[in-house]
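See below for query-v2.tsv, which holds TSV, C-alpha atoms.
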```tsv
chain	number	residue	atom	x	y	z
A	1	LEU	CA	3.16	-101.01	265.36
A	2	LEU	CA	5.70	-101.91	262.72
A	3	ARG	CA	4.40	-102.13	259.16
A	4	ARG	CA	6.32	-103.27	256.14
A	5	LEU	CA	5.94	-101.85	252.67
A	6	GLU	CA	7.26	-104.10	249.95
A	7	THR	CA	7.70	-103.50	246.26
A	8	ALA	CA	8.18	-106.32	243.79
A	9	MET	CA	8.46	-106.63	240.02
A	10	GLY	CA	8.41	-102.85	239.73
A	11	TYR	CA	4.85	-102.53	241.04
A	12	HIS	CA	4.03	-100.07	243.77
A	13	THR	CA	1.94	-101.39	246.64
A	14	VAL	CA	-0.50	-98.86	248.05
A	15	VAL	CA	-0.75	-99.20	251.81
A	16	ALA	CA	-3.65	-98.11	253.99
A	17	TYR	CA	-1.76	-96.53	256.86
A	18	PRO	CA	-3.17	-96.87	260.38
A	19	ASP	CA	-4.36	-93.92	262.43
A	20	THR	CA	-2.45	-95.20	265.46
A	21	PRO	CA	1.29	-94.43	265.80
A	22	PHE	CA	3.50	-96.72	263.72
A	23	ILE	CA	6.99	-97.15	262.30
A	24	LEU	CA	7.14	-97.89	258.58
A	25	GLU	CA	9.61	-100.45	257.28
A	26	ALA	CA	10.28	-100.46	253.54
A	27	ASP	CA	12.91	-101.51	251.06
A	28	ASP	CA	12.85	-97.92	249.78
A	29	LEU	CA	10.46	-95.06	249.08
A	30	LEU	CA	10.22	-92.67	246.17
A	31	PRO	CA	10.78	-89.03	247.10
A	32	SER	CA	7.20	-88.36	245.98
A	33	GLU	CA	5.91	-90.97	248.46
A	34	VAL	CA	7.37	-89.14	251.44
A	35	GLU	CA	4.71	-86.42	251.27
A	36	THR	CA	1.95	-89.05	251.46
A	37	LEU	CA	3.02	-90.34	254.88
A	38	PRO	CA	0.47	-89.50	257.58
A	39	SER	CA	1.26	-87.77	260.87
A	40	SER	CA	0.80	-91.13	262.61
A	41	CYS	CA	4.07	-92.28	261.00
A	42	LEU	CA	6.60	-91.72	263.78
A	43	GLY	CA	9.61	-93.17	262.00
A	44	VAL	CA	10.85	-94.98	258.90
A	45	ILE	CA	13.24	-97.90	258.46
A	46	LEU	CA	14.69	-98.35	254.96
A	47	HIS	CA	16.88	-101.14	253.58
A	48	HIS	CA	17.88	-100.54	249.96
A	49	THR	CA	19.14	-96.97	250.06
A	50	SER	CA	21.53	-94.76	252.01
A	51	PRO	CA	21.37	-91.79	254.39
A	52	ALA	CA	22.49	-89.55	251.50
A	53	SER	CA	19.62	-90.47	249.17
A	54	HIS	CA	17.06	-87.81	248.32
A	55	THR	CA	14.36	-89.90	250.00
A	56	ALA	CA	16.29	-89.98	253.27
A	57	ILE	CA	16.98	-86.26	253.03
A	58	LEU	CA	13.30	-85.45	252.47
A	59	LEU	CA	12.28	-87.68	255.39
A	60	ARG	CA	14.64	-85.78	257.68
A	61	ALA	CA	13.34	-82.49	256.29
A	62	GLU	CA	9.84	-83.62	257.27
A	63	GLY	CA	11.11	-84.35	260.78
A	64	ILE	CA	10.54	-88.10	260.44
A	65	PRO	CA	13.29	-90.10	262.21
A	66	THR	CA	14.84	-92.45	259.66
A	67	LEU	CA	17.28	-95.34	259.87
A	68	ILE	CA	18.95	-97.28	257.08
A	69	VAL	CA	19.53	-100.90	258.12
A	70	THR	CA	20.51	-104.04	256.21
A	71	ASP	CA	18.39	-106.69	257.89
A	72	ALA	CA	14.61	-106.79	258.12
A	73	VAL	CA	13.11	-106.23	261.55
A	74	PRO	CA	11.16	-109.25	262.83
A	75	PRO	CA	7.42	-108.46	262.98
A	76	SER	CA	6.34	-107.88	266.54
A	77	ASP	CA	3.65	-106.22	268.60
A	78	ALA	CA	6.28	-105.23	271.17
A	79	PRO	CA	7.34	-101.57	271.46
A	80	VAL	CA	10.06	-100.43	269.05
A	81	ILE	CA	12.62	-97.70	269.76
A	82	LEU	CA	14.02	-95.87	266.75
A	83	ASP	CA	16.74	-93.38	267.70
A	84	ALA	CA	17.82	-91.83	264.42
A	85	SER	CA	20.25	-89.34	265.97
A	86	ALA	CA	22.17	-92.20	267.60
A	87	GLY	CA	21.65	-94.62	264.71
A	88	ARG	CA	20.08	-97.10	267.09
A	89	LEU	CA	17.14	-99.48	266.69
A	90	VAL	CA	15.72	-101.60	269.53
A	91	PRO	CA	13.15	-104.00	267.98
A	92	SER	CA	11.62	-105.42	271.18
A	93	ALA	CA	12.23	-102.76	273.76
A	94	ALA	CA	12.30	-103.66	277.44
A	95	PRO	CA	10.85	-101.23	280.03
A	96	SER	CA	14.36	-100.09	280.94
A	97	ASP	CA	15.09	-99.32	277.27
A	98	ILE	CA	11.92	-97.26	277.05
A	99	THR	CA	12.78	-95.29	280.19
A	100	GLU	CA	16.26	-94.51	278.86
A	101	ALA	CA	14.85	-93.46	275.48
A	102	GLN	CA	12.27	-91.19	277.10
A	103	LYS	CA	15.00	-89.42	279.10
A	104	ARG	CA	17.05	-88.91	275.95
A	105	GLU	CA	13.99	-87.66	274.08
A	106	GLU	CA	13.23	-85.17	276.84
A	107	SER	CA	16.81	-83.85	276.76
A	108	ILE	CA	16.66	-83.37	272.99
A	109	ARG	CA	13.28	-81.67	273.30
A	110	LYS	CA	14.57	-79.19	275.91
A	111	HIS	CA	17.48	-78.25	273.67
A	112	ALA	CA	15.15	-77.82	270.70
A	113	ASP	CA	12.71	-75.72	272.72
A	114	HIS	CA	15.53	-73.40	273.84
A	115	ALA	CA	16.74	-73.00	270.25
A	116	HIS	CA	13.17	-72.40	269.07
A	117	THR	CA	12.70	-69.42	271.40
A	118	LYS	CA	15.72	-67.73	269.75
A	119	ARG	CA	14.93	-68.74	266.16
A	120	PHE	CA	14.38	-65.18	264.90
A	121	GLU	CA	17.65	-63.88	266.40
A	122	PRO	CA	20.77	-63.65	264.20
A	123	ALA	CA	23.25	-66.52	264.36
A	124	ARG	CA	26.29	-64.71	265.76
A	125	THR	CA	29.49	-66.59	266.57
A	126	SER	CA	31.39	-66.04	269.81
A	127	GLU	CA	33.78	-63.80	267.84
A	128	GLY	CA	30.91	-61.65	266.56
A	129	SER	CA	30.59	-62.93	262.99
A	130	ILE	CA	27.02	-63.28	261.72
A	131	ILE	CA	26.30	-66.42	259.72
A	132	LYS	CA	23.20	-66.31	257.56
A	133	VAL	CA	20.91	-69.35	257.95
A	134	LEU	CA	18.59	-69.99	255.02
A	135	ALA	CA	16.23	-72.88	254.28
A	136	ASN	CA	15.99	-75.68	251.75
A	137	VAL	CA	12.35	-75.99	250.66
A	138	THR	CA	10.28	-78.02	248.23
A	139	ASP	CA	7.03	-76.06	247.91
A	140	ALA	CA	5.01	-73.11	249.20
A	141	ALA	CA	3.99	-74.97	252.36
A	142	SER	CA	7.57	-75.78	253.34
A	143	ALA	CA	8.57	-72.19	252.51
A	144	GLN	CA	5.93	-70.94	254.94
A	145	GLU	CA	7.21	-73.42	257.53
A	146	ALA	CA	10.72	-72.09	256.99
A	147	LYS	CA	9.51	-68.53	257.55
A	148	GLU	CA	7.95	-69.53	260.87
A	149	ALA	CA	11.08	-71.50	261.79
A	150	GLY	CA	13.29	-68.41	261.62
A	151	ALA	CA	14.92	-68.85	258.23
A	152	GLU	CA	16.35	-65.64	256.78
A	153	GLY	CA	15.65	-66.65	253.20
A	154	ILE	CA	15.55	-69.64	250.88
A	155	GLY	CA	18.94	-70.99	249.92
A	156	LEU	CA	17.57	-73.83	247.83
A	157	LEU	CA	14.16	-74.18	246.22
A	158	ARG	CA	14.05	-77.76	244.92
A	159	THR	CA	11.76	-77.20	241.96
A	160	GLU	CA	11.67	-80.88	241.00
A	161	PHE	CA	9.56	-81.59	244.09
A	162	LEU	CA	7.18	-78.66	243.64
A	163	PHE	CA	4.50	-80.35	241.62
A	164	GLY	CA	4.61	-84.06	242.41
A	165	GLU	CA	3.70	-86.49	239.67
A	166	VAL	CA	1.74	-84.11	237.43
A	167	LYS	CA	3.40	-81.78	234.94
A	168	PRO	CA	2.50	-78.20	235.87
A	169	ASP	CA	1.54	-75.69	233.23
A	170	TYR	CA	3.13	-72.26	232.98
A	171	HIS	CA	0.44	-70.47	235.02
A	172	THR	CA	0.56	-73.01	237.86
A	173	GLN	CA	4.32	-72.67	238.04
A	174	LYS	CA	4.21	-68.88	237.99
A	175	GLU	CA	1.65	-68.60	240.80
A	176	THR	CA	3.53	-71.12	242.94
A	177	TYR	CA	6.83	-69.30	242.49
A	178	ARG	CA	5.16	-65.96	243.20
A	179	ALA	CA	3.71	-67.25	246.48
A	180	ILE	CA	7.17	-68.35	247.57
A	181	PHE	CA	8.88	-65.15	246.42
A	182	ASP	CA	6.36	-63.14	248.46
A	183	LEU	CA	7.60	-64.76	251.68
A	184	PHE	CA	11.29	-63.81	251.55
A	185	ASP	CA	13.55	-61.08	250.24
A	186	GLU	CA	16.18	-63.68	249.33
A	187	VAL	CA	15.22	-66.75	247.29
A	188	THR	CA	17.50	-69.06	245.32
A	189	VAL	CA	15.70	-71.21	242.75
A	190	ARG	CA	17.44	-74.31	241.46
A	191	THR	CA	16.33	-75.15	237.95
A	192	LEU	CA	14.82	-78.58	237.42
A	193	ASP	CA	17.21	-81.28	238.65
A	194	VAL	CA	16.03	-84.76	237.74
A	195	GLY	CA	17.98	-87.90	236.98
A	196	GLY	CA	20.00	-90.12	239.28
A	197	ASP	CA	17.61	-91.08	242.09
A	198	LYS	CA	15.10	-88.35	241.20
A	199	ALA	CA	12.55	-89.23	238.53
A	200	LEU	CA	9.48	-87.41	237.27
A	201	PRO	CA	6.92	-89.20	235.08
A	202	TYR	CA	6.55	-86.21	232.77
A	203	VAL	CA	10.30	-85.94	232.12
A	204	ASP	CA	11.17	-88.75	229.74
A	205	LEU	CA	14.77	-89.78	230.34
A	206	PRO	CA	16.52	-92.63	228.52
A	207	LYS	CA	17.46	-95.75	230.43
A	208	GLU	CA	21.12	-95.38	231.32
A	209	ASN	CA	23.66	-97.79	232.75
A	210	ASN	CA	24.75	-95.15	235.25
A	211	PRO	CA	22.11	-92.41	235.57
A	212	PHE	CA	24.16	-90.52	238.17
A	213	LEU	CA	26.68	-89.87	235.39
A	214	GLY	CA	24.11	-89.32	232.67
A	215	ILE	CA	21.43	-86.79	231.76
A	216	ARG	CA	20.63	-84.81	234.88
A	217	GLY	CA	20.78	-81.26	236.14
A	218	VAL	CA	21.94	-78.63	233.67
A	219	ARG	CA	22.14	-81.26	230.91
A	220	LEU	CA	18.34	-81.07	230.66
A	221	PHE	CA	18.76	-77.74	228.85
A	222	LYS	CA	19.96	-79.71	225.83
A	223	SER	CA	17.74	-82.80	226.15
A	224	HIS	CA	14.48	-81.12	227.28
A	225	PRO	CA	14.65	-77.45	226.21
A	226	GLU	CA	10.85	-77.05	226.12
A	227	ILE	CA	10.51	-77.97	229.82
A	228	MET	CA	13.35	-75.64	230.82
A	229	GLU	CA	11.89	-72.82	228.70
A	230	GLU	CA	8.52	-73.05	230.44
A	231	GLN	CA	10.12	-73.15	233.88
A	232	LEU	CA	12.38	-70.16	233.27
A	233	HIS	CA	9.53	-68.14	231.75
A	234	ALA	CA	7.44	-68.81	234.88
A	235	ILE	CA	10.31	-67.86	237.19
A	236	PHE	CA	11.04	-64.63	235.32
A	237	ASP	CA	7.39	-63.57	235.31
A	238	ALA	CA	6.91	-64.42	239.00
A	239	ALA	CA	10.07	-62.52	239.91
A	240	LYS	CA	8.99	-59.15	238.52
A	241	GLY	CA	10.27	-56.47	240.88
A	242	ARG	CA	11.98	-59.00	243.16
A	243	ALA	CA	15.61	-59.97	243.56
A	244	VAL	CA	15.74	-63.68	242.72
A	245	LYS	CA	18.73	-65.97	242.30
A	246	ILE	CA	18.63	-68.71	239.67
A	247	MET	CA	20.98	-71.63	240.20
A	248	PHE	CA	22.01	-74.27	237.67
A	249	PRO	CA	22.69	-77.79	239.03
A	250	MET	CA	25.37	-80.31	238.04
A	251	VAL	CA	27.55	-77.83	236.16
A	252	ALA	CA	30.91	-79.38	235.25
A	253	THR	CA	32.53	-76.79	232.96
A	254	PRO	CA	32.38	-73.03	232.42
A	255	GLU	CA	30.99	-73.73	228.95
A	256	GLU	CA	27.99	-75.53	230.47
A	257	PHE	CA	27.24	-72.56	232.70
A	258	ILE	CA	27.63	-70.07	229.85
A	259	THR	CA	25.32	-72.14	227.63
A	260	ALA	CA	22.65	-72.44	230.34
A	261	LYS	CA	22.77	-68.73	231.15
A	262	ARG	CA	22.62	-67.82	227.46
A	263	PHE	CA	19.56	-70.06	227.09
A	264	ALA	CA	17.92	-68.35	230.09
A	265	LEU	CA	18.60	-64.88	228.71
A	266	GLU	CA	17.18	-65.87	225.33
A	267	ILE	CA	13.98	-67.01	227.07
A	268	ALA	CA	13.79	-63.71	228.94
A	269	ASP	CA	14.20	-61.82	225.68
A	270	LYS	CA	11.64	-64.00	223.90
A	271	TYR	CA	8.95	-63.18	226.47
A	272	SER	CA	10.12	-59.60	227.14
A	273	CYS	CA	10.98	-60.38	230.77
A	274	SER	CA	13.30	-58.10	232.69
A	275	VAL	CA	16.28	-59.81	234.33
A	276	ASP	CA	17.63	-56.69	236.02
A	277	ASN	CA	16.99	-58.22	239.45
A	278	ILE	CA	18.06	-61.75	238.51
A	279	THR	CA	21.46	-63.19	239.36
A	280	PHE	CA	22.78	-66.48	238.01
A	281	GLY	CA	24.82	-68.97	239.99
A	282	MET	CA	25.61	-72.64	240.14
A	283	MET	CA	25.81	-75.66	242.35
A	284	VAL	CA	29.28	-76.94	243.17
A	285	GLU	CA	28.74	-80.70	242.97
A	286	VAL	CA	31.13	-81.92	240.28
A	287	PRO	CA	34.81	-82.09	241.33
A	288	SER	CA	36.00	-80.60	238.01
A	289	VAL	CA	34.67	-77.24	239.21
A	290	LEU	CA	37.37	-77.09	241.88
A	291	PHE	CA	40.06	-77.01	239.19
A	292	LEU	CA	38.32	-74.38	237.08
A	293	MET	CA	37.46	-71.74	239.68
A	294	GLU	CA	39.39	-68.97	237.94
A	295	ALA	CA	37.29	-69.39	234.79
A	296	PHE	CA	34.04	-69.79	236.72
A	297	ASN	CA	34.74	-66.62	238.71
A	298	GLN	CA	34.51	-64.67	235.46
A	299	GLU	CA	30.97	-65.93	234.76
A	300	VAL	CA	28.95	-66.74	237.89
A	301	ASP	CA	27.34	-64.45	240.45
A	302	PHE	CA	27.38	-66.96	243.32
A	303	TYR	CA	28.17	-70.55	244.27
A	304	SER	CA	26.22	-73.04	246.37
A	305	ILE	CA	27.99	-76.21	247.46
A	306	GLY	CA	25.86	-79.34	247.26
A	307	SER	CA	27.79	-81.45	249.73
A	308	ASN	CA	25.81	-84.66	249.13
A	309	ASP	CA	26.52	-84.97	245.40
A	310	LEU	CA	30.00	-83.51	245.70
A	311	ASN	CA	30.82	-86.21	248.25
A	312	GLN	CA	29.57	-89.03	246.02
A	313	TYR	CA	31.52	-87.83	243.01
A	314	LEU	CA	34.68	-87.27	245.03
A	315	HIS	CA	34.58	-90.87	246.27
A	316	ALA	CA	33.00	-92.56	243.21
A	317	VAL	CA	30.27	-94.01	245.43
A	318	GLU	CA	26.64	-93.73	244.38
A	319	ARG	CA	24.82	-91.81	247.12
A	320	THR	CA	21.94	-94.33	247.23
A	321	HIS	CA	24.12	-97.44	247.36
A	322	PRO	CA	22.76	-99.72	250.12
A	323	THR	CA	26.08	-101.31	251.13
A	324	LEU	CA	28.81	-98.82	250.21
A	325	SER	CA	28.79	-96.01	252.73
A	326	LEU	CA	30.00	-92.44	252.51
A	327	ASP	CA	31.48	-90.50	255.40
A	328	PRO	CA	29.39	-87.29	255.40
A	329	ARG	CA	32.34	-85.45	256.98
A	330	SER	CA	35.15	-86.99	254.96
A	331	GLU	CA	38.42	-85.08	254.80
A	332	ALA	CA	38.19	-85.08	251.01
A	333	LEU	CA	34.82	-83.33	251.15
A	334	LEU	CA	35.83	-80.82	253.81
A	335	GLY	CA	39.07	-80.13	251.96
A	336	ALA	CA	37.17	-79.57	248.72
A	337	ILE	CA	34.85	-77.10	250.45
A	338	GLU	CA	37.80	-75.23	251.92
A	339	GLN	CA	39.43	-75.08	248.48
A	340	CYS	CA	36.23	-73.74	246.92
A	341	VAL	CA	35.82	-71.05	249.56
A	342	ARG	CA	39.48	-70.07	249.29
A	343	HIS	CA	39.46	-69.63	245.50
A	344	ALA	CA	35.94	-68.34	244.93
A	345	GLN	CA	35.70	-64.62	244.25
A	346	LYS	CA	31.92	-64.70	244.58
A	347	PRO	CA	29.63	-65.51	247.55
A	348	VAL	CA	29.62	-69.17	248.61
A	349	SER	CA	26.92	-70.99	250.56
A	350	ILE	CA	26.38	-74.64	251.48
A	351	CYS	CA	22.99	-76.23	250.94
A	352	GLY	CA	23.75	-79.93	251.41
A	353	GLU	CA	23.13	-82.03	254.52
A	354	LEU	CA	26.54	-81.02	255.88
A	355	ALA	CA	25.22	-77.51	256.52
A	356	ALA	CA	23.00	-78.84	259.33
A	357	ASP	CA	25.58	-81.27	260.71
A	358	GLU	CA	26.34	-79.90	264.16
A	359	ALA	CA	29.67	-81.74	264.22
A	360	ALA	CA	30.78	-79.99	261.01
A	361	ILE	CA	29.41	-76.47	261.48
A	362	GLU	CA	32.39	-75.13	263.43
A	363	ARG	CA	34.86	-76.18	260.75
A	364	LEU	CA	32.66	-74.78	257.98
A	365	VAL	CA	32.37	-71.42	259.71
A	366	LYS	CA	36.08	-71.24	260.50
A	367	CYS	CA	37.03	-71.94	256.88
A	368	GLY	CA	35.05	-68.90	255.79
A	369	VAL	CA	31.54	-70.13	254.97
A	370	THR	CA	29.09	-67.32	255.81
A	371	THR	CA	25.80	-68.82	254.61
A	372	LEU	CA	24.26	-72.18	255.47
A	373	SER	CA	21.01	-73.48	254.01
A	374	VAL	CA	19.23	-76.26	255.91
A	375	SER	CA	15.79	-77.84	256.24
A	376	ALA	CA	13.17	-75.74	258.02
A	377	LYS	CA	13.20	-78.07	261.01
A	378	ALA	CA	16.97	-77.64	261.37
A	379	VAL	CA	17.05	-73.82	261.23
A	380	ALA	CA	16.74	-73.11	264.96
A	381	ASN	CA	19.25	-75.78	266.04
A	382	THR	CA	21.72	-74.68	263.35
A	383	LYS	CA	21.55	-71.09	264.56
A	384	GLU	CA	22.07	-72.21	268.15
A	385	ARG	CA	25.09	-74.33	267.21
A	386	ILE	CA	26.65	-71.36	265.38
A	387	ARG	CA	26.33	-69.26	268.54
A	388	HIS	CA	28.72	-71.67	270.26
A	389	VAL	CA	31.42	-71.50	267.58
```
Let me see the file written as structure tokens.
Amino acid sequence: LLRRLETAMGYHTVVAYPDTPFILEADDLLPSEVETLPSSCLGVILHHTSPASHTAILLRAEGIPTLIVTDAVPPSDAPVILDASAGRLVPSAAPSDITEAQKREESIRKHADHAHTKRFEPARTSEGSIIKVLANVTDAASAQEAKEAGAEGIGLLRTEFLFGEVKPDYHTQKETYRAIFDLFDEVTVRTLDVGGDKALPYVDLPKENNPFLGIRGVRLFKSHPEIMEEQLHAIFDAAKGRAVKIMFPMVATPEEFITAKRFALEIADKYSCSVDNITFGMMVEVPSVLFLMEAFNQEVDFYSIGSNDLNQYLHAVERTHPTLSLDPRSEALLGAIEQCVRHAQKPVSICGELAADEAAIERLVKCGVTTLSVSAKAVANTKERIRHV
């Protein structure tokens, strides 16, 4: 069953999803709408976005096969084959198409089952190097899923997706962070990162001609200090006695990092919170960082490369653009990563989609990357791919 979700005039249409298996076709979905999809949704077809959008990333993290196509699929009661890994859509599948797809699905399942049985084993390369595989998570439930999937820690806690559409108070935040911190010895928390294609109703941002180049990430410290204060207070209190990493997104200059860290330390002092076990790092997403590594090395404790945003800024292509495409393994991106690893004097990890790209993992490992952070559902396969490097 193929259903179409349409939005018009800025109004959101609420759809009563069927209990029977279906593929959802939509112009686009909000990241917050992904979590409302029922288990009967076997796949999603989107038109007005790109594979690098946060919606597409969250759909993949949920294990929902997703394709981005230009043309609408003609409504039909005939079987539909959606092969996201091959980028293939068969609208009215013939019996032979179905047989071929079932064989391919069985092969993928066998590989996944084999990787799953070894999910708690270290990811050791053929030369004996151990690569740490962490998880990107959005809430306590996905953190628990990551634990069961074999993740060795959390490399990216996306705090902007923690609480959905409702602004959380300090106590709700603290208890949620504490529940996540209890699961792993290593947790990296990214401070609130909204703007661009990520919006929250309780974070009032001005209308901008180009929001991807406007107020987002670490710039919220200046525009919304009260929200950042409450978040940092909750993180500090939840982290008592635990080693927690705090990561600032969209940092472009050393001064931005210094200002954000100073703000965080002032909050800790204001509420008498110990930061003895807290380390402060940053996302590498803005190309300017690559030219300022010497100065950054004097300030940061760690780096985490956000390959998705770094790629869009390197190529001046908005990551959600429906017609302009980005090569997720472009030479510019891979070269930038190699440059970052070569000049960084602090630990470097990768938490973007590239970290789970089996075609890119070998090059990442060979250039010196020792930590990859992927979605929970990609942990086992990522570990297995590393074992063949």
Fill in: Two-atom distance - atom CA of Asp77 of chain A, atom CA of Ala16 of chain A (Å)
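About the pair atom CA of Asp77 of chain A and atom CA of Ala16 of chain A: they are 18.2 Å apart.
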Practice prompt. Give as a list in words every residue, naming chains and numbers as the document does, that has an atom within 10 Å of (8.6, -97.3, 262.2), counting only C-alpha atoms.
Written response: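 Using only C-alpha atoms, the matching residues come out as Leu1, Leu2, Arg3, Arg4, Pro21, Phe22, Ile23, Leu24, Glu25, Ala26, Ser40, Cys41, Leu42, Gly43, Val44, Ile45, Leu46, Ile64, Pro65, Thr66, Leu67, Val80, Ile81, Leu82, Leu89 and Pro91 of chain A.
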Worksheet item: Expressed in Å to a single decimal, how great is the separation between atom CA of Pro211 of chain A and atom CA of His54 of chain A?
Response: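 Between these atoms lies a distance of 14.5 Å.
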Discussion item. Show me, as a ChimeraX atom specification, the residues that have an atom within 7 Å of segment 31-38 of chain A when counting all atoms listed in the file, minus same-chain residues fewer than 6 positions from it.
Written reply: /A:54-55,58-59,164
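You can rank A:Thr370, A:Gly352, A:Asp83, A:Ser50 by their closest distance to Arg158 of chain A using only C-alpha atoms, and at the top of that list sits A:Gly352.
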Worksheet item: Between atom CA of Leu326 of chain A and atom CA of Asp27 of chain A, what is the spacing in Å?
Response: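 Interatomic distance here is 19.4 Å.
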Worksheet item: If we count only C-alpha atoms, what is near Ala260 of chain A at a cut-off of 9 Å, once residues fewer than 6 positions away on the same chain are taken out, given as a PyMOL selection string?
Response: chain A and resi 218-219+221-222+248
Worksheet item: A:Thr70, A:Asn209, A:Asn297, A:Ser39: which is nearest Val341 of chain A, counting only C-alpha atoms?
Response: A:Asn297
Item to complete: Mind checking which residues fall within 9 Å of Arg190 of chain A, counting all atoms listed in the file, ignoring those fewer than 4 positions away in the same chain, and posting them as a list of chain:residue names?
Response: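 In the requested format, the answer is A:Leu156, A:Leu157, A:Arg158, A:Thr159, A:Glu160, A:Lys245, A:Ile246, A:Met247, A:Phe248, A:Pro249, A:Met282, A:Met283.
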Worksheet entry | Selected residue of minimal separation from Arg319 of chain A among A:Gln144, A:Ser349, A:Ser272, A:Ser307, counting all atoms listed in the file |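 Answer, going by the shortest atom-to-atom distance: A:Ser307.
The residue that comes closest to Ile227 of chain A, out of A:Phe184, A:Leu324, A:Arg242, A:Tyr170 and on the basis of only C-alpha atoms, is A:Tyr170.
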Discussion item. When you look at segment 287-292 of chain A with a cut-off of 8 Å (counting all atoms listed in the file), what residues show up, excluding the ones that are within fewer than 5 positions of it in the same chain? I need them as a VMD selection string.
Written reply: chain A and resid 251 to 254 310 313 to 314 336 339 to 340
With C-alpha atoms kept, could you save the residues just selected as a compact mmCIF listing (two decimals), in the frame of the given file?
```
# COMPACT_ATOMS: atom_id res chain seq x y z
CA VAL A 251 27.55 -77.83 236.16
CA ALA A 252 30.91 -79.38 235.25
CA THR A 253 32.53 -76.79 232.96
CA PRO A 254 32.38 -73.03 232.42
CA LEU A 310 30.00 -83.51 245.70
CA TYR A 313 31.52 -87.83 243.01
CA LEU A 314 34.68 -87.27 245.03
CA ALA A 336 37.17 -79.57 248.72
CA GLN A 339 39.43 -75.08 248.48
CA CYS A 340 36.23 -73.74 246.92
```
Residue contacts of Asn308 of chain A (8 Å, all atoms listed in the file) excluding same-chain residues fewer than 5 positions away, as a PDB file with C-alpha atoms, keeping the file's coordinate frame:
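Listed below is the output, result13.pdb:
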```
ATOM      1  CA  ALA A  52      22.490 -89.550 251.500  1.00  0.00           C
ATOM      2  CA  GLU A 285      28.740 -80.700 242.970  1.00  0.00           C
ATOM      3  CA  ARG A 319      24.820 -91.810 247.120  1.00  0.00           C
ATOM      4  CA  PRO A 328      29.390 -87.290 255.400  1.00  0.00           C
ATOM      5  CA  GLY A 352      23.750 -79.930 251.410  1.00  0.00           C
ATOM      6  CA  GLU A 353      23.130 -82.030 254.520  1.00  0.00           C
ATOM      7  CA  LEU A 354      26.540 -81.020 255.880  1.00  0.00           C
TER       8      LEU A 354
END
```
